[in-house]
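Text of my_file_22.cif (mmCIF, C-alpha atoms) as supplied:
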```cif
data_model
loop_
_atom_site.label_atom_id
_atom_site.label_comp_id
_atom_site.auth_asym_id
_atom_site.auth_seq_id
_atom_site.Cartn_x
_atom_site.Cartn_y
_atom_site.Cartn_z
CA MET A 105 -5.86 -1.14 5.28
CA PRO A 106 -2.32 -0.20 4.31
CA GLU A 107 -2.04 2.30 1.52
CA LEU A 108 0.40 2.39 -1.35
CA PRO A 109 3.28 4.08 0.55
CA GLU A 110 3.12 1.45 3.30
CA VAL A 111 3.22 -1.39 0.77
CA GLU A 112 6.02 0.24 -1.20
CA THR A 113 8.00 0.73 2.01
CA VAL A 114 7.58 -2.94 2.92
CA LYS A 115 8.63 -3.96 -0.58
CA ARG A 116 11.82 -1.90 -0.36
CA GLY A 117 12.58 -3.36 3.06
CA LEU A 118 12.11 -6.94 1.90
CA SER A 119 13.94 -6.64 -1.41
CA PRO A 120 17.55 -7.01 -0.13
CA ALA A 121 16.74 -10.33 1.54
CA PHE A 122 14.11 -11.68 -0.85
CA GLU A 123 15.42 -10.88 -4.32
CA GLY A 124 17.69 -13.59 -5.66
CA ALA A 125 17.25 -15.75 -2.57
CA ALA A 126 16.58 -19.47 -2.62
CA LEU A 127 13.57 -20.68 -0.66
CA ARG A 128 15.16 -23.46 1.42
CA LYS A 129 11.96 -24.15 3.33
CA VAL A 130 8.49 -22.61 3.65
CA GLU A 131 6.37 -23.10 6.75
CA GLN A 132 2.60 -22.66 6.55
CA ASN A 133 1.14 -22.69 10.05
CA ARG A 134 -2.58 -22.60 9.24
CA PRO A 135 -4.78 -23.58 6.28
CA ASP A 136 -6.04 -20.11 5.54
CA LEU A 137 -5.82 -16.38 6.15
CA ARG A 138 -8.54 -14.25 4.57
CA PHE A 139 -8.74 -16.97 1.92
CA PRO A 140 -7.41 -20.54 1.91
CA PHE A 141 -3.80 -20.91 0.82
CA PRO A 142 -3.43 -22.32 -2.70
CA GLU A 143 -3.07 -26.07 -3.04
CA ASN A 144 0.47 -27.36 -2.45
CA PHE A 145 1.54 -23.87 -1.40
CA THR A 146 4.73 -24.84 0.41
CA SER A 147 5.85 -27.52 -2.05
CA ARG A 148 5.42 -25.15 -5.00
CA LEU A 149 7.80 -22.71 -3.32
CA THR A 150 10.36 -24.90 -1.54
CA GLY A 151 13.59 -25.21 -3.48
CA LYS A 152 12.69 -22.38 -5.82
CA ARG A 153 14.32 -18.96 -6.17
CA VAL A 154 12.83 -15.46 -5.95
CA THR A 155 13.88 -13.65 -9.11
CA ALA A 156 12.24 -10.27 -8.43
CA LEU A 157 10.05 -8.45 -5.91
CA SER A 158 7.66 -5.77 -7.10
CA ARG A 159 4.43 -4.00 -6.21
CA ARG A 160 1.19 -3.57 -8.15
CA SER A 161 -1.30 -1.28 -6.45
CA LYS A 162 -1.35 -2.56 -2.85
CA TYR A 163 -0.11 -6.07 -3.67
CA LEU A 164 3.41 -7.40 -3.22
CA LEU A 165 4.53 -9.64 -6.07
CA ALA A 166 7.42 -12.09 -5.74
CA ASP A 167 8.40 -13.67 -9.06
CA ILE A 168 9.49 -17.29 -8.62
CA ASP A 169 11.79 -19.08 -11.08
CA SER A 170 9.09 -21.72 -11.55
CA GLY A 171 7.02 -19.17 -13.46
CA ASP A 172 4.62 -18.52 -10.60
CA VAL A 173 4.13 -15.19 -8.86
CA LEU A 174 3.64 -15.15 -5.09
CA VAL A 175 0.92 -12.55 -4.53
CA MET A 176 0.85 -11.10 -1.00
CA HIS A 177 -1.60 -8.66 0.58
CA LEU A 178 -1.14 -7.29 4.11
CA GLY A 179 -4.81 -6.97 4.97
CA MET A 180 -5.55 -4.94 8.10
CA SER A 181 -2.79 -6.07 10.45
CA GLY A 182 -0.32 -8.09 8.42
CA SER A 183 3.39 -7.32 8.68
CA PHE A 184 6.71 -8.91 7.82
CA ARG A 185 9.81 -9.13 9.94
CA ILE A 186 13.26 -10.25 8.92
CA GLU A 187 15.23 -12.39 11.36
CA ALA A 188 18.76 -13.69 10.97
CA ASP A 189 20.47 -16.44 12.97
CA HIS A 190 22.66 -13.91 14.75
CA ASN A 191 19.78 -11.56 15.50
CA GLU A 192 16.47 -13.00 16.58
CA SER A 193 14.65 -9.69 17.05
CA ALA A 194 13.58 -7.24 14.39
CA PRO A 195 15.42 -3.91 14.75
CA GLY A 196 13.69 -0.55 14.96
CA ALA A 197 12.16 2.02 17.28
CA PHE A 198 8.44 1.57 17.80
CA VAL A 199 5.81 4.23 18.26
CA HIS A 200 2.86 1.82 18.26
CA ALA A 201 3.03 -1.76 19.46
CA ARG A 202 3.15 -4.45 16.79
CA SER A 203 2.35 -8.11 17.18
CA LYS A 204 5.18 -10.12 18.71
CA ASP A 205 3.00 -13.11 19.49
CA THR A 206 4.41 -16.07 17.57
CA LYS A 207 0.98 -17.70 17.43
CA HIS A 208 0.24 -15.13 14.70
CA ASP A 209 3.33 -16.14 12.67
CA HIS A 210 1.41 -17.78 9.86
CA VAL A 211 4.08 -18.12 7.15
CA VAL A 212 7.86 -18.42 7.52
CA PHE A 213 10.20 -18.23 4.53
CA HIS A 214 13.62 -19.76 5.22
CA LEU A 215 16.00 -18.18 2.71
CA GLU A 216 19.53 -18.47 1.46
CA THR A 217 20.63 -15.18 -0.05
CA THR A 218 23.08 -14.65 -2.89
CA THR A 219 25.74 -13.85 -0.27
CA GLY A 220 25.17 -17.11 1.61
CA GLU A 221 23.22 -15.63 4.53
CA ARG A 222 20.21 -17.55 5.86
CA PRO A 223 17.58 -15.14 7.15
CA ARG A 224 13.94 -15.87 7.79
CA ILE A 225 11.11 -13.68 6.57
CA ILE A 226 8.09 -14.11 8.82
CA TYR A 227 4.53 -13.03 8.02
CA ASN A 228 2.54 -12.16 11.15
CA ASP A 229 -1.16 -11.28 10.96
CA PRO A 230 -3.32 -11.23 14.12
CA ARG A 231 -6.55 -10.39 12.29
CA ARG A 232 -5.80 -12.74 9.36
CA PHE A 233 -7.29 -10.35 6.80
CA GLY A 234 -4.26 -10.58 4.55
CA PHE A 235 -3.74 -13.37 2.06
CA MET A 236 -1.26 -15.10 -0.23
CA ASP A 237 -1.77 -16.74 -3.59
CA LEU A 238 0.30 -18.31 -6.36
CA VAL A 239 -0.55 -17.20 -9.89
CA PRO A 240 1.28 -18.10 -13.11
CA ARG A 241 3.06 -14.99 -14.38
CA ALA A 242 1.55 -15.48 -17.85
CA LYS A 243 -1.96 -15.27 -16.36
CA LEU A 244 -1.37 -12.50 -13.82
CA SER A 245 -2.72 -9.59 -15.87
CA ALA A 246 -5.97 -11.49 -16.50
CA HIS A 247 -6.39 -12.53 -12.85
CA PRO A 248 -9.50 -11.07 -11.14
CA LEU A 249 -7.30 -9.16 -8.66
CA PHE A 250 -5.41 -7.34 -11.42
CA ARG A 251 -7.36 -7.27 -14.66
CA ASP A 252 -9.37 -4.15 -13.82
CA LEU A 253 -6.69 -2.15 -12.02
CA GLY A 254 -5.97 1.33 -13.31
CA LEU A 255 -2.62 3.03 -13.81
CA GLU A 256 0.04 3.36 -11.15
CA PRO A 257 0.16 6.83 -9.54
CA LEU A 258 3.95 6.90 -9.08
CA GLY A 259 6.24 7.89 -11.91
CA ASN A 260 5.49 9.59 -15.19
CA GLN A 261 2.47 7.45 -16.06
CA LEU A 262 0.27 9.78 -14.02
CA SER A 263 0.18 13.20 -15.69
CA ALA A 264 -2.27 16.06 -15.99
CA GLU A 265 -3.11 14.87 -19.50
CA THR A 266 -3.81 11.40 -18.13
CA LEU A 267 -6.12 12.82 -15.45
CA ALA A 268 -7.97 14.80 -18.11
CA GLY A 269 -8.52 11.63 -20.11
CA LEU A 270 -9.77 9.75 -17.07
CA PHE A 271 -12.02 12.52 -15.72
CA GLU A 272 -13.52 14.02 -18.86
CA GLY A 273 -17.30 14.02 -18.58
CA ARG A 274 -17.32 12.54 -15.07
CA LYS A 275 -19.78 14.14 -12.68
CA SER A 276 -18.76 12.04 -9.67
CA PRO A 277 -17.03 13.81 -6.76
CA LEU A 278 -13.32 14.30 -7.32
CA LYS A 279 -12.35 12.26 -4.28
CA ALA A 280 -14.51 9.32 -5.40
CA ALA A 281 -12.86 9.40 -8.84
CA LEU A 282 -9.39 9.37 -7.30
CA LEU A 283 -10.31 6.39 -5.12
CA ASN A 284 -11.70 4.46 -8.10
CA GLN A 285 -9.17 1.65 -8.44
CA LYS A 286 -10.21 1.06 -12.05
CA LEU A 287 -8.89 4.53 -12.88
CA ILE A 288 -5.86 4.87 -10.61
CA ALA A 289 -4.58 1.85 -8.68
CA GLY A 290 -3.37 2.16 -5.12
CA LEU A 291 -4.60 5.56 -4.04
CA GLY A 292 -6.25 5.44 -0.62
CA ASN A 293 -8.25 7.70 1.63
CA ILE A 294 -5.37 9.25 3.58
CA TYR A 295 -3.19 10.34 0.71
CA VAL A 296 -6.07 11.51 -1.46
CA CYS A 297 -7.12 13.85 1.35
CA GLU A 298 -3.56 15.15 1.62
CA ALA A 299 -3.07 15.58 -2.14
CA LEU A 300 -6.36 17.44 -2.50
CA TRP A 301 -5.35 19.80 0.30
CA ARG A 302 -1.99 20.48 -1.34
CA SER A 303 -3.81 21.23 -4.58
CA GLY A 304 -6.46 23.49 -3.04
CA LEU A 305 -9.23 21.30 -4.43
CA SER A 306 -12.52 20.45 -2.78
CA PRO A 307 -13.19 16.72 -2.50
CA GLU A 308 -16.80 17.44 -3.47
CA ARG A 309 -16.19 19.20 -6.79
CA SER A 310 -16.89 17.11 -9.87
CA ALA A 311 -13.97 15.25 -11.40
CA GLY A 312 -14.91 16.59 -14.82
CA SER A 313 -14.36 20.15 -13.62
CA LEU A 314 -10.61 19.57 -14.01
CA VAL A 315 -11.01 19.23 -17.78
CA THR A 316 -11.57 22.06 -20.25
CA LYS A 317 -14.21 21.93 -22.97
CA SER A 318 -11.49 20.96 -25.41
CA GLY A 319 -10.45 18.01 -23.23
CA LYS A 320 -7.29 19.60 -21.88
CA PRO A 321 -6.27 19.58 -18.20
CA THR A 322 -6.88 22.74 -16.20
CA LYS A 323 -4.14 24.36 -14.07
CA LYS A 324 -5.69 22.62 -11.07
CA ALA A 325 -5.35 19.25 -12.81
CA ILE A 326 -1.68 19.97 -13.47
CA ALA A 327 -1.17 20.79 -9.79
CA LEU A 328 -3.11 17.70 -8.66
CA ALA A 329 -1.07 15.28 -10.77
CA ALA A 330 2.16 16.67 -9.34
CA ASN A 331 0.83 16.71 -5.78
CA ILE A 332 -0.38 13.11 -5.90
CA ARG A 333 3.11 11.95 -6.81
CA GLU A 334 4.81 14.24 -4.29
CA THR A 335 2.48 13.23 -1.46
CA LEU A 336 3.13 9.53 -2.09
CA GLU A 337 6.88 10.05 -2.48
CA ASP A 338 7.06 12.09 0.73
CA ALA A 339 5.20 9.34 2.59
CA ILE A 340 7.48 6.63 1.18
CA LYS A 341 10.56 8.59 2.27
CA ALA A 342 9.07 8.84 5.76
CA GLY A 343 8.22 5.13 5.80
CA GLY A 344 4.47 5.40 5.34
CA SER A 345 1.86 6.54 7.82
CA SER A 346 2.09 3.47 10.08
CA LEU A 347 -1.45 3.72 11.29
CA ARG A 348 -2.32 1.03 13.81
CA ASP A 349 -0.37 -2.16 13.16
CA HIS A 350 1.58 -1.50 9.99
CA THR A 351 5.35 -1.62 10.19
CA GLN A 352 8.19 -1.48 7.74
CA ALA A 353 9.90 -4.75 6.90
CA ASP A 354 12.74 -4.01 9.31
CA GLY A 355 10.26 -3.46 12.14
CA THR A 356 10.40 0.33 12.28
CA LEU A 357 7.38 2.53 11.98
CA GLY A 358 6.96 5.42 9.60
CA TYR A 359 6.45 8.98 10.75
CA PHE A 360 4.55 10.59 7.89
CA GLN A 361 1.48 10.72 10.12
CA HIS A 362 3.15 13.56 12.02
CA SER A 363 3.11 15.57 8.79
CA PHE A 364 -0.58 15.15 7.97
CA ALA A 365 -1.99 18.51 7.00
CA VAL A 366 -5.68 17.61 7.16
CA TYR A 367 -6.18 13.88 7.74
CA GLY A 368 -7.41 13.29 11.28
CA ARG A 369 -7.17 17.02 12.10
CA GLU A 370 -10.86 17.94 12.32
CA ASN A 371 -11.46 21.34 13.99
CA GLU A 372 -7.77 22.27 13.81
CA SER A 373 -6.52 25.36 12.01
CA CYS A 374 -5.71 24.88 8.34
CA ARG A 375 -1.98 24.73 7.66
CA THR A 376 -2.15 26.55 4.34
CA PRO A 377 -0.13 29.78 4.77
CA GLY A 378 -2.48 32.73 5.10
CA CYS A 379 -5.61 30.59 5.38
CA SER A 380 -7.93 31.32 8.30
CA GLY A 381 -10.01 28.19 7.77
CA THR A 382 -10.58 25.18 10.00
CA VAL A 383 -10.25 21.56 8.95
CA ALA A 384 -13.64 19.90 8.58
CA ARG A 385 -14.76 16.30 8.19
CA LEU A 386 -17.46 14.94 5.93
CA VAL A 387 -18.45 11.40 5.03
CA GLN A 388 -18.19 10.29 1.42
CA SER A 389 -18.97 6.68 0.48
CA ASN A 390 -18.78 5.70 4.16
CA ARG A 391 -15.27 7.17 4.50
CA SER A 392 -14.18 10.22 6.43
CA THR A 393 -12.89 13.05 4.28
CA PHE A 394 -10.80 15.77 5.90
CA TYR A 395 -10.39 19.10 4.12
CA CYS A 396 -10.43 22.86 4.54
CA PRO A 397 -13.69 24.37 3.19
CA HIS A 398 -12.02 27.80 3.14
CA CYS A 399 -9.10 27.21 0.79
CA GLN A 400 -10.13 23.99 -0.99
CA THR A 401 -12.60 25.00 -3.65
#
```
For this file, write the structure as structure tokens.
Amino acid sequence: MPELPEVETVKRGLSPAFEGAALRKVEQNRPDLRFPFPENFTSRLTGKRVTALSRRSKYLLADIDSGDVLVMHLGMSGSFRIEADHNESAPGAFVHARSKDTKHDHVVFHLETTTGERPRIIYNDPRRFGFMDLVPRAKLSAHPLFRDLGLEPLGNQLSAETLAGLFEGRKSPLKAALLNQKLIAGLGNIYVCEALWRSGLSPERSAGSLVTKSGKPTKKAIALAANIRETLEDAIKAGGSSLRDHTQADGTLGYFQHSFAVYGRENESCRTPGCSGTVARLVQSNRSTFYCPHCQT
């Protein structure tokens, strides 16, 4: 699955074409993806205008001037490409192959931008594990996909004090608490491993150990809050990890995976300066956790 940096990167790539654009025509080339498309999907969008494009957790949200929100999830292999009449191929240098088979082009948005250009935004998804839905903006926060989501990890909303409030009294492993979408929305396996390494924290220690008896954050909690944000921001700047099929909206792949300190580096030397440890792998909740047992305590 794509993680938050990948989705944020796609959002930023789509925004210049999508925001403010009129939807001249919408093509739906199959009845369903992971779930069936909503009833009258194309007619509810055709002729409308996209007023804003945002992200909540790992979902892309396109506000439509009808009052609906187009909710989009990339699934395992979904990607967007932007094509213009004068350029039929998506630009970018590719490290891993992405789907170019038009039989997997399931949705095509024909746009007219505020500058009069007429690009197409095409959603391609070979595995069809992504999905799209239309939800009234007034009902979005109560929708089953969003009503239980925790806070966003980017920006000032995530602080050491916030972590202390979320983790106080919790005996669950720290990594499990960070992956709990009801606490913090959008954090995934890769970037939690990286943030824990940067913070020198074991994924197995209890989440409550980052809180003092008086309910205040420990120094480790302060470091973790900062490192979560920095890890995500570094990945966004690099264009995401681009594992397997995920591409940016302009077709290019991110290169943050070349900077992984622990993820996927089992049996390699730890990159912490002065550490003589070796990266290990353990399984937590059916997911691989990569960490250094020597310097992450």
Counting only C-alpha atoms, which residues have an atom no more than 9 Å from (-5.5, -19.4, 4.6) in the file's coordinates? Please list them as JSON, numbers by chain. {"A": [132, 134, 135, 136, 137, 138, 139, 140, 141, 142, 210, 232, 234, 235, 236]}
Selected residues written out, C-alpha atoms, as a compact mmCIF listing (two decimals), in the frame of the given file:
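Written output follows (result13.txt):
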```
# COMPACT_ATOMS: atom_id res chain seq x y z
CA GLN A 132 2.60 -22.66 6.55
CA ARG A 134 -2.58 -22.60 9.24
CA PRO A 135 -4.78 -23.58 6.28
CA ASP A 136 -6.04 -20.11 5.54
CA LEU A 137 -5.82 -16.38 6.15
CA ARG A 138 -8.54 -14.25 4.57
CA PHE A 139 -8.74 -16.97 1.92
CA PRO A 140 -7.41 -20.54 1.91
CA PHE A 141 -3.80 -20.91 0.82
CA PRO A 142 -3.43 -22.32 -2.70
CA HIS A 210 1.41 -17.78 9.86
CA ARG A 232 -5.80 -12.74 9.36
CA GLY A 234 -4.26 -10.58 4.55
CA PHE A 235 -3.74 -13.37 2.06
CA MET A 236 -1.26 -15.10 -0.23
```
Please identify all polymer residues within 8 Å of Phe233 (chain A), counting all atoms listed in the file, omitting same-chain residues fewer than 3 positions from it, and present them as number ranges by chain. A: 137-138, 178-182, 229
Just say which residues the PyMOL selection byres ((chain A and resi 228) around 8) picks in this file, as a ChimeraX atom specification. /A:182-185,203,206,208-211,226-227,229-230
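In this model, the gap between CA of Ala242 (chain A) and CA of Gly171 (chain A) comes to 7.9 Å.
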Apply the PyMOL selection byres ((chain A and resi 145) around 10) to the structure shown and report the selected residues as a PyMOL selection string. chain A and resi 130-132+135+141-144+146-150+174+236-238
How many Å separate CA of Cys379 (chain A) from CA of Leu291 (chain A)?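 Going from CA of Cys379 (chain A) over to CA of Leu291 (chain A) covers 26.8 Å.
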Neighbour list for Ala121 (chain A) as a list in words, cut-off 10 Å, only C-alpha atoms, skip fewer than 3 positions in-chain: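 Here the answer would be Arg116, Gly117, Leu118, Gly124, Ala125, Val154, Ile186, Leu215, Glu216, Thr217, Thr218, Thr219, Glu221, Arg222, Pro223, Arg224 and Ile225 of chain A.
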Taking all listed atoms of region 307-310 of chain A, build the axis-aligned box, pad each of the six sides by 8 Å, then write its centre and edge lengths in Å to one decimal as lines of an AutoDock Vina configuration file.
```
center_x = -15.0
center_y = 18.0
center_z = -6.2
size_x = 19.7
size_y = 18.5
size_z = 23.4
```
Please determine, counting all atoms listed in the file, which residue among A:Leu300, A:Leu127, A:Ala339, A:Cys396 has the shortest atom-to-atom distance to Val212 (chain A). A:Leu127
Given the PyMOL selection byres ((chain A and resi 361-376) around 12), the residues it picks as a ChimeraX atom specification: /A:109-110,199,292-304,335,338-340,342-348,357-360,377-386,391-400
With C-alpha atoms retained, write the just-selected residues as a PDB file, in the frame of the given file.
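Below is the file that was written, out.pdb:
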```
ATOM      1  CA  PRO A 109       3.280   4.080   0.550  1.00  0.00           C
ATOM      2  CA  GLU A 110       3.120   1.450   3.300  1.00  0.00           C
ATOM      3  CA  VAL A 199       5.810   4.230  18.260  1.00  0.00           C
ATOM      4  CA  GLY A 292      -6.250   5.440  -0.620  1.00  0.00           C
ATOM      5  CA  ASN A 293      -8.250   7.700   1.630  1.00  0.00           C
ATOM      6  CA  ILE A 294      -5.370   9.250   3.580  1.00  0.00           C
ATOM      7  CA  TYR A 295      -3.190  10.340   0.710  1.00  0.00           C
ATOM      8  CA  VAL A 296      -6.070  11.510  -1.460  1.00  0.00           C
ATOM      9  CA  CYS A 297      -7.120  13.850   1.350  1.00  0.00           C
ATOM     10  CA  GLU A 298      -3.560  15.150   1.620  1.00  0.00           C
ATOM     11  CA  ALA A 299      -3.070  15.580  -2.140  1.00  0.00           C
ATOM     12  CA  LEU A 300      -6.360  17.440  -2.500  1.00  0.00           C
ATOM     13  CA  TRP A 301      -5.350  19.800   0.300  1.00  0.00           C
ATOM     14  CA  ARG A 302      -1.990  20.480  -1.340  1.00  0.00           C
ATOM     15  CA  SER A 303      -3.810  21.230  -4.580  1.00  0.00           C
ATOM     16  CA  GLY A 304      -6.460  23.490  -3.040  1.00  0.00           C
ATOM     17  CA  THR A 335       2.480  13.230  -1.460  1.00  0.00           C
ATOM     18  CA  ASP A 338       7.060  12.090   0.730  1.00  0.00           C
ATOM     19  CA  ALA A 339       5.200   9.340   2.590  1.00  0.00           C
ATOM     20  CA  ILE A 340       7.480   6.630   1.180  1.00  0.00           C
ATOM     21  CA  ALA A 342       9.070   8.840   5.760  1.00  0.00           C
ATOM     22  CA  GLY A 343       8.220   5.130   5.800  1.00  0.00           C
ATOM     23  CA  GLY A 344       4.470   5.400   5.340  1.00  0.00           C
ATOM     24  CA  SER A 345       1.860   6.540   7.820  1.00  0.00           C
ATOM     25  CA  SER A 346       2.090   3.470  10.080  1.00  0.00           C
ATOM     26  CA  LEU A 347      -1.450   3.720  11.290  1.00  0.00           C
ATOM     27  CA  ARG A 348      -2.320   1.030  13.810  1.00  0.00           C
ATOM     28  CA  LEU A 357       7.380   2.530  11.980  1.00  0.00           C
ATOM     29  CA  GLY A 358       6.960   5.420   9.600  1.00  0.00           C
ATOM     30  CA  TYR A 359       6.450   8.980  10.750  1.00  0.00           C
ATOM     31  CA  PHE A 360       4.550  10.590   7.890  1.00  0.00           C
ATOM     32  CA  PRO A 377      -0.130  29.780   4.770  1.00  0.00           C
ATOM     33  CA  GLY A 378      -2.480  32.730   5.100  1.00  0.00           C
ATOM     34  CA  CYS A 379      -5.610  30.590   5.380  1.00  0.00           C
ATOM     35  CA  SER A 380      -7.930  31.320   8.300  1.00  0.00           C
ATOM     36  CA  GLY A 381     -10.010  28.190   7.770  1.00  0.00           C
ATOM     37  CA  THR A 382     -10.580  25.180  10.000  1.00  0.00           C
ATOM     38  CA  VAL A 383     -10.250  21.560   8.950  1.00  0.00           C
ATOM     39  CA  ALA A 384     -13.640  19.900   8.580  1.00  0.00           C
ATOM     40  CA  ARG A 385     -14.760  16.300   8.190  1.00  0.00           C
ATOM     41  CA  LEU A 386     -17.460  14.940   5.930  1.00  0.00           C
ATOM     42  CA  ARG A 391     -15.270   7.170   4.500  1.00  0.00           C
ATOM     43  CA  SER A 392     -14.180  10.220   6.430  1.00  0.00           C
ATOM     44  CA  THR A 393     -12.890  13.050   4.280  1.00  0.00           C
ATOM     45  CA  PHE A 394     -10.800  15.770   5.900  1.00  0.00           C
ATOM     46  CA  TYR A 395     -10.390  19.100   4.120  1.00  0.00           C
ATOM     47  CA  CYS A 396     -10.430  22.860   4.540  1.00  0.00           C
ATOM     48  CA  PRO A 397     -13.690  24.370   3.190  1.00  0.00           C
ATOM     49  CA  HIS A 398     -12.020  27.800   3.140  1.00  0.00           C
ATOM     50  CA  CYS A 399      -9.100  27.210   0.790  1.00  0.00           C
ATOM     51  CA  GLN A 400     -10.130  23.990  -0.990  1.00  0.00           C
TER      52      GLN A 400
END
```
What lies within 6 Å of Lys162 (chain A) using only C-alpha atoms, ignoring chain neighbours under 5 positions off, as a PyMOL selection string? chain A and resi 108+111+290
Quote the spacing between CA of Asn133 (chain A) and CA of Ser245 (chain A) in Å to one decimal place.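 Straight-line distance from CA of Asn133 (chain A) to CA of Ser245 (chain A) works out to 29.3 Å.
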